[in-house]
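What follows is target-v7.tsv (TSV, C-alpha atoms).
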```tsv
chain	number	residue	atom	x	y	z
A	241	MET	CA	17.00	32.67	-16.26
A	242	THR	CA	17.69	29.09	-17.36
A	243	THR	CA	18.77	25.89	-15.68
A	244	THR	CA	22.27	26.54	-17.09
A	245	ASP	CA	22.30	29.98	-15.44
A	246	LEU	CA	21.26	28.38	-12.16
A	247	LEU	CA	24.43	26.30	-12.12
A	248	LYS	CA	26.51	29.47	-12.41
A	249	LEU	CA	25.33	30.42	-8.92
A	250	GLU	CA	27.85	29.32	-6.34
A	251	ALA	CA	25.51	27.39	-4.07
A	252	PHE	CA	24.06	25.02	-6.68
A	253	LEU	CA	25.68	21.87	-8.04
A	254	PRO	CA	24.55	19.65	-10.92
A	255	ALA	CA	23.20	16.18	-10.11
A	256	VAL	CA	21.26	15.40	-13.29
A	257	THR	CA	21.57	17.65	-16.31
A	258	ALA	CA	18.89	17.27	-18.95
A	259	GLU	CA	17.48	19.68	-21.53
A	260	GLU	CA	18.02	23.36	-20.69
A	261	ARG	CA	14.82	24.90	-19.37
A	262	ALA	CA	13.71	28.43	-18.62
A	263	ILE	CA	12.93	29.08	-14.96
A	264	THR	CA	9.95	31.36	-14.57
A	265	ASP	CA	8.91	30.69	-10.97
A	266	VAL	CA	10.09	29.10	-7.73
A	267	TYR	CA	8.15	26.73	-5.48
A	268	CYS	CA	8.83	25.04	-2.12
A	269	ALA	CA	7.08	21.87	-0.89
A	270	ASP	CA	7.91	18.40	0.37
A	271	LEU	CA	4.49	16.78	0.26
A	272	LEU	CA	4.31	15.26	-3.20
A	273	SER	CA	0.59	15.66	-3.85
A	274	TRP	CA	0.86	19.25	-2.75
A	275	ALA	CA	3.68	19.80	-5.20
A	276	MET	CA	1.85	17.85	-7.88
A	277	GLY	CA	-1.18	20.08	-7.63
A	278	ASN	CA	0.59	23.39	-7.16
A	279	ALA	CA	4.15	23.40	-8.49
A	280	PRO	CA	4.23	25.82	-11.41
A	281	GLU	CA	5.17	24.58	-14.86
A	282	ASP	CA	8.72	25.79	-15.64
A	283	GLY	CA	9.30	26.38	-11.94
A	284	ALA	CA	12.33	25.54	-9.81
A	285	TRP	CA	10.97	23.14	-7.19
A	286	CYS	CA	12.87	23.33	-3.88
A	287	THR	CA	12.45	20.20	-1.77
A	288	VAL	CA	14.25	17.65	0.38
A	289	MET	CA	12.52	14.72	-1.34
A	290	GLY	CA	15.09	12.92	-3.48
A	291	ASN	CA	13.20	9.71	-4.25
A	292	VAL	CA	11.78	8.30	-7.50
A	293	ASN	CA	8.34	9.63	-6.69
A	294	ALA	CA	9.63	13.20	-6.53
A	295	VAL	CA	11.13	12.68	-9.98
A	296	ALA	CA	7.79	11.36	-11.25
A	297	VAL	CA	6.01	14.42	-9.85
A	298	ALA	CA	8.56	16.78	-11.40
A	299	ALA	CA	8.21	15.12	-14.79
A	300	LEU	CA	4.42	15.11	-14.77
A	301	ALA	CA	4.03	18.62	-13.36
A	302	ASP	CA	6.66	19.71	-15.90
A	303	VAL	CA	8.80	21.73	-13.55
A	304	ALA	CA	12.08	23.06	-14.95
A	305	VAL	CA	14.33	21.66	-12.22
A	306	ILE	CA	14.30	19.93	-8.85
A	307	VAL	CA	16.43	21.83	-6.34
A	308	LEU	CA	17.40	19.26	-3.73
A	309	CYS	CA	18.00	21.32	-0.60
A	310	GLU	CA	20.02	20.88	2.60
A	311	ASN	CA	22.22	18.26	0.92
A	312	ALA	CA	19.31	15.82	1.04
A	313	GLU	CA	20.13	12.44	-0.42
A	314	LEU	CA	19.34	11.78	-4.06
A	315	ALA	CA	18.51	8.09	-4.34
A	316	GLU	CA	20.38	6.24	-7.08
A	317	ASP	CA	17.16	4.96	-8.68
A	318	ALA	CA	15.81	8.51	-8.63
A	319	LYS	CA	18.94	9.76	-10.38
A	320	GLN	CA	18.55	7.13	-13.08
A	321	LYS	CA	14.85	7.86	-13.49
A	322	ALA	CA	15.54	11.59	-13.79
A	323	ALA	CA	18.14	10.97	-16.47
A	324	GLY	CA	15.70	8.73	-18.33
A	325	GLN	CA	12.81	11.16	-18.09
A	326	GLY	CA	14.80	14.31	-18.77
A	327	VAL	CA	14.36	15.89	-15.35
A	328	ASN	CA	17.02	18.40	-14.26
A	329	ILE	CA	18.22	18.09	-10.67
A	330	VAL	CA	20.60	20.38	-8.80
A	331	THR	CA	21.72	20.04	-5.20
A	332	THR	CA	22.48	22.68	-2.62
A	333	ALA	CA	23.40	22.93	1.04
A	334	LEU	CA	20.94	25.80	1.39
A	335	PRO	CA	17.58	25.25	3.09
A	336	ALA	CA	14.53	25.58	0.85
A	337	PHE	CA	13.74	29.19	1.74
A	338	LYS	CA	17.27	30.46	1.12
A	339	ALA	CA	17.58	28.41	-2.07
A	340	ALA	CA	14.27	29.75	-3.35
A	341	LEU	CA	15.23	33.30	-2.45
A	342	ALA	CA	18.60	33.01	-4.20
A	343	ILE	CA	16.96	31.65	-7.37
A	344	ALA	CA	14.16	34.20	-7.28
A	345	GLN	CA	16.66	37.06	-6.92
A	346	ALA	CA	18.89	35.74	-9.71
A	347	ALA	CA	15.88	35.28	-11.96
A	348	GLY	CA	14.63	38.80	-11.23
A	349	LEU	CA	11.43	37.50	-9.68
A	350	VAL	CA	12.07	39.51	-6.50
A	351	LYS	CA	14.26	42.49	-5.75
A	352	PRO	CA	17.64	41.66	-4.10
B	4	MET	CA	-6.93	12.03	-35.16
B	5	ALA	CA	-8.31	8.52	-34.67
B	6	ASP	CA	-9.55	7.53	-31.22
B	7	ILE	CA	-6.92	5.71	-29.16
B	8	HIS	CA	-7.69	3.18	-26.44
B	9	LEU	CA	-5.09	2.28	-23.80
B	10	GLU	CA	-5.09	-0.09	-20.82
B	11	TYR	CA	-2.71	-0.09	-17.85
B	12	VAL	CA	-2.34	-2.28	-14.76
B	13	VAL	CA	-1.13	-0.66	-11.54
B	14	PRO	CA	0.61	-3.04	-9.11
B	15	GLU	CA	-0.01	-3.00	-5.36
B	16	ASP	CA	2.40	-1.12	-3.08
B	17	ASP	CA	5.03	-0.63	-5.79
B	18	PHE	CA	5.79	3.06	-5.50
B	19	THR	CA	8.79	2.83	-7.76
B	20	ARG	CA	6.47	1.86	-10.63
B	21	ALA	CA	3.48	4.04	-9.73
B	22	GLY	CA	3.47	6.81	-12.30
B	23	GLU	CA	4.43	4.66	-15.26
B	24	ALA	CA	0.95	4.87	-16.79
B	25	SER	CA	0.91	8.66	-16.39
B	26	ALA	CA	4.39	8.98	-17.86
B	27	ASP	CA	3.50	6.76	-20.82
B	28	LEU	CA	0.27	8.64	-21.48
B	29	LYS	CA	2.03	11.99	-21.19
B	30	ALA	CA	4.60	10.94	-23.79
B	31	ARG	CA	1.86	9.76	-26.16
B	32	LEU	CA	-0.15	12.97	-25.77
B	33	LYS	CA	2.97	15.04	-26.37
B	34	LYS	CA	3.54	13.20	-29.66
B	35	LEU	CA	-0.07	13.89	-30.61
B	36	GLY	CA	0.62	17.60	-30.15
B	37	LEU	CA	-1.83	18.33	-27.34
B	38	SER	CA	-1.36	21.60	-25.45
B	39	SER	CA	0.98	21.55	-22.46
B	40	GLU	CA	-1.89	22.70	-20.24
B	41	ALA	CA	-4.09	19.76	-21.30
B	42	ILE	CA	-1.20	17.32	-20.86
B	43	ARG	CA	-0.48	18.71	-17.40
B	44	LYS	CA	-4.13	18.31	-16.35
B	45	VAL	CA	-4.23	14.72	-17.61
B	46	SER	CA	-0.87	13.86	-16.05
B	47	ILE	CA	-1.69	15.23	-12.60
B	48	SER	CA	-5.14	13.67	-12.37
B	49	LEU	CA	-3.97	10.28	-13.61
B	50	TYR	CA	-0.85	10.19	-11.42
B	51	GLU	CA	-2.88	10.90	-8.30
B	52	GLY	CA	-5.18	8.05	-9.30
B	53	GLU	CA	-2.27	5.68	-9.83
B	54	ILE	CA	-0.86	6.50	-6.42
B	55	ASN	CA	-4.25	5.95	-4.79
B	56	LEU	CA	-4.53	2.53	-6.45
B	57	ALA	CA	-1.08	1.55	-5.18
B	58	ILE	CA	-1.63	2.86	-1.64
B	59	HIS	CA	-5.23	2.01	-0.89
B	60	ALA	CA	-6.54	-0.59	-3.29
B	61	LYS	CA	-4.00	-3.37	-3.84
B	62	GLY	CA	-3.45	-1.98	-7.32
B	63	GLY	CA	-6.02	-1.68	-10.07
B	64	ARG	CA	-6.75	-1.12	-13.73
B	65	ILE	CA	-6.77	2.02	-15.82
B	66	SER	CA	-8.45	2.51	-19.17
B	67	VAL	CA	-7.85	5.61	-21.27
B	68	ASP	CA	-9.67	6.80	-24.36
B	69	VAL	CA	-8.13	9.64	-26.32
B	70	ALA	CA	-10.60	11.36	-28.65
B	71	PRO	CA	-10.03	14.46	-30.79
B	72	ASP	CA	-11.54	16.78	-28.18
B	73	ASN	CA	-11.01	14.98	-24.86
B	74	VAL	CA	-9.09	12.40	-22.85
B	75	HIS	CA	-11.27	10.06	-20.79
B	76	MET	CA	-9.68	8.02	-17.97
B	77	CYS	CA	-11.28	5.36	-15.75
B	78	LEU	CA	-9.51	3.80	-12.76
B	79	ARG	CA	-11.04	0.66	-11.28
B	80	ASP	CA	-10.05	-1.39	-8.27
B	81	ASP	CA	-11.28	-4.27	-6.15
B	82	GLY	CA	-10.01	-2.68	-2.96
B	83	PRO	CA	-11.75	-2.02	0.34
B	84	GLY	CA	-13.92	0.83	-0.96
B	85	ILE	CA	-14.38	4.26	0.63
B	86	PRO	CA	-16.88	4.42	3.52
B	87	ASP	CA	-17.37	8.20	3.32
B	88	VAL	CA	-16.65	9.61	-0.13
B	89	ALA	CA	-17.47	13.20	0.86
B	90	LEU	CA	-14.90	13.02	3.66
B	91	ALA	CA	-12.31	11.44	1.35
B	92	MET	CA	-12.81	14.31	-1.10
B	93	ARG	CA	-11.91	16.88	1.55
B	94	GLU	CA	-8.45	18.47	1.15
B	95	GLY	CA	-6.08	17.27	3.84
B	96	TYR	CA	-8.03	14.15	4.80
B	97	SER	CA	-5.85	11.05	4.45
B	98	THR	CA	-5.84	7.44	5.60
B	99	ALA	CA	-2.39	6.72	4.14
B	100	PRO	CA	-0.18	4.59	6.41
B	101	ASP	CA	3.01	6.02	7.97
B	102	GLU	CA	5.41	4.22	5.61
B	103	VAL	CA	3.66	5.86	2.66
B	104	ARG	CA	3.78	9.28	4.32
B	105	SER	CA	7.53	8.90	4.74
B	106	LEU	CA	7.79	8.80	0.93
B	107	GLY	CA	6.09	12.19	0.72
B	108	PHE	CA	2.55	10.98	0.05
B	109	GLY	CA	-0.47	11.16	2.31
B	110	ALA	CA	-1.11	14.89	2.17
B	111	GLY	CA	-4.80	14.26	1.61
B	112	MET	CA	-4.66	15.94	-1.79
B	113	GLY	CA	-5.05	12.94	-4.10
B	114	LEU	CA	-8.78	12.93	-4.79
B	115	PRO	CA	-9.05	16.76	-4.47
B	116	ASN	CA	-6.28	17.18	-7.06
B	117	MET	CA	-8.01	14.71	-9.40
B	118	LYS	CA	-11.25	16.68	-9.15
B	119	LYS	CA	-9.43	20.01	-9.48
B	120	TYR	CA	-7.54	19.13	-12.65
B	121	ALA	CA	-10.16	17.02	-14.45
B	122	ASP	CA	-12.93	18.85	-16.28
B	123	GLU	CA	-15.35	16.06	-15.39
B	124	PHE	CA	-14.96	13.83	-12.32
B	125	GLU	CA	-17.11	10.93	-11.11
B	126	ILE	CA	-16.48	8.54	-8.25
B	127	GLU	CA	-18.41	5.45	-7.20
B	128	SER	CA	-17.34	3.37	-4.25
B	129	THR	CA	-18.82	0.41	-2.40
B	130	VAL	CA	-17.26	-0.85	0.80
B	131	GLY	CA	-15.94	-4.37	0.31
B	132	VAL	CA	-16.35	-4.19	-3.47
B	133	GLY	CA	-14.09	-1.44	-4.80
B	134	THR	CA	-13.92	2.01	-6.29
B	135	THR	CA	-14.24	3.43	-9.78
B	136	VAL	CA	-13.10	6.95	-10.66
B	137	CYS	CA	-13.70	8.35	-14.14
B	138	MET	CA	-12.29	11.67	-15.32
B	139	ARG	CA	-12.42	13.63	-18.53
B	140	VAL	CA	-10.10	16.41	-19.63
B	141	PHE	CA	-11.13	18.45	-22.66
B	142	VAL	CA	-8.25	19.24	-24.99
```
As structure tokens, please, write out the structure in this file.
Amino acid sequence: MTTTDLLKLEAFLPAVTAEERAITDVYCADLLSWAMGNAPEDGAWCTVMGNVNAVAVAALADVAVIVLCENAELAEDAKQKAAGQGVNIVTTALPAFKAALAIAQAAGLVKP
Amino acid sequence: MADIHLEYVVPEDDFTRAGEASADLKARLKKLGLSSEAIRKVSISLYEGEINLAIHAKGGRISVDVAPDNVHMCLRDDGPGIPDVALAMREGYSTAPDEVRSLGFGAGMGLPNMKKYADEFEIESTVGVGTTVCMRVFV
């Protein structure tokens, strides 16, 4: 599954579209150091943190995409930073668990 | 590959800029063709250090030496120092103020993550003088 495929799912909308990435795992966390230390490379990171620091963490941990859940606000400076650093961001009304489950099922990481 | 020496200054309490040194170093290491695993280890350990400098130490200085087989990073500050380093190294222990926690920091994983992702980790701290953390990642 790729970040382009993710946007074909009904619940996910593009916020920042950068280079297409493969999604090989899904991860949920809102504490940035926790995500920094544990978010899997090429993972879809489900969070409600839409600030510049979350973008920095995503870029450095090399996740495939930030999935901003529960319609959490994406700060304008974060949006600009993501575009500059090539970080994909999608938004969704789903809470983190349901977003992660939907992605994991679509990616074949868990059985539907 | 010739050795490369880099210096960065981390400003105090500027969380919009914290991470710039890590991002710059990551881009340079990518151009040098280092493995993604090595770059990830360097990026995570240095970013945590940058954030610690911004939160706890009124900013600080970072020096980086890139050699053919390793990346060596030293972070120095003139902040308040750490009274109990062993306690500060414990996962989940944090003295970050509430306004920093609201940004998503303060999980008490900064120093533990630095130690976890660096192949070599040394910390020296004196109360009232400052703290120096040096890390090496083999590439």
Do you know which residues are at most 12 Å from B:Arg31 counting all atoms listed in the file, after dropping those on the same chain fewer than 4 positions away, and could you put them as a list in words? Ile7, His8, Leu9, Ala24, Ser25, Ala26, Asp27, Leu35, Gly36, Leu37, Ile42, Val45, Ser46, Val67, Val69 and Val74 of chain B
Nearest residue to B:Phe108 from the set A:Leu271, A:Leu334, A:Leu341, A:Ala346 (distances using all atoms listed in the file):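 Closest candidate: A:Leu271.
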Measuring atom to atom with all atoms listed in the file, identify which of B:Val88, B:Met76, B:Ile65, B:Ile54 is nearest to chain A.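 The closest residue to chain A is B:Ile54.
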Using only C-alpha atoms and a distance of at most 9 Å, pull out the residues of chain B that contact chain A, as a PyMOL selection string. chain B and resi 18-23+25-26+29+39+42-44+46-48+50-51+104+106-113+116-117+119-120
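Atom pair atom CA of B:Gly82 / atom CA of B:Asn55 has a distance of 10.5 Å (rounded to one decimal).
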Residue with smallest distance to A:Ile306 - pool A:Ala323, A:Gln345, A:Tyr267, A:Val330, counting all atoms listed in the file: A:Val330
Residues near stretch 131-136 of chain B, anyone? I mean within 9 Å using all atoms listed in the file, not counting same-chain ones fewer than 6 positions away, as a list in words.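 The contact residues come out as Gly52, Ala60, Met76, Cys77, Leu78, Arg79, Asp80, Asp81, Gly82, Pro83, Gly84, Ile85, Phe124 and Glu125 of chain B.
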Expressed in Å to a single decimal, how great is the separation between atom CA of A:Leu246 and atom CA of A:Ala340? 11.3 Å
List the spatial neighbours of A:Asp282 as a PyMOL selection string - criterion: any atom at most 7 Å away, all atoms listed in the file, same-chain residues fewer than 2 positions off excluded. chain A and resi 262-265+280+284+302-304
Gap from atom CA of A:Asp245 to atom CA of A:Ala298 - Å, one decimal: 19.5 Å
Can you list, as a ChimeraX atom specification, every protein, DNA or RNA residue that comes within 10 Å of stretch 251-258 of chain A when you count all atoms listed in the file, leaving out same-chain residues fewer than 2 positions away? /A:243-244,246-249,260-261,304-309,314,318-334,339,342-343
With 6 Å on each side, where is the centre of the axis-aligned box around all listed atoms of stretch 321-336 of chain A, and how long are its edges in Å to one decimal, as JSON?
```
{"center_x": 18.1, "center_y": 16.8, "center_z": -7.8, "size_x": 22.6, "size_y": 29.9, "size_z": 33.9}
```
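Within 12 Å of B:Ala89, once only C-alpha atoms are used and residues closer than 6 positions along the same chain are dropped, the contacting residues are Tyr96, Leu114, Pro115, Ile126, Glu127 and Ser128 of chain B.
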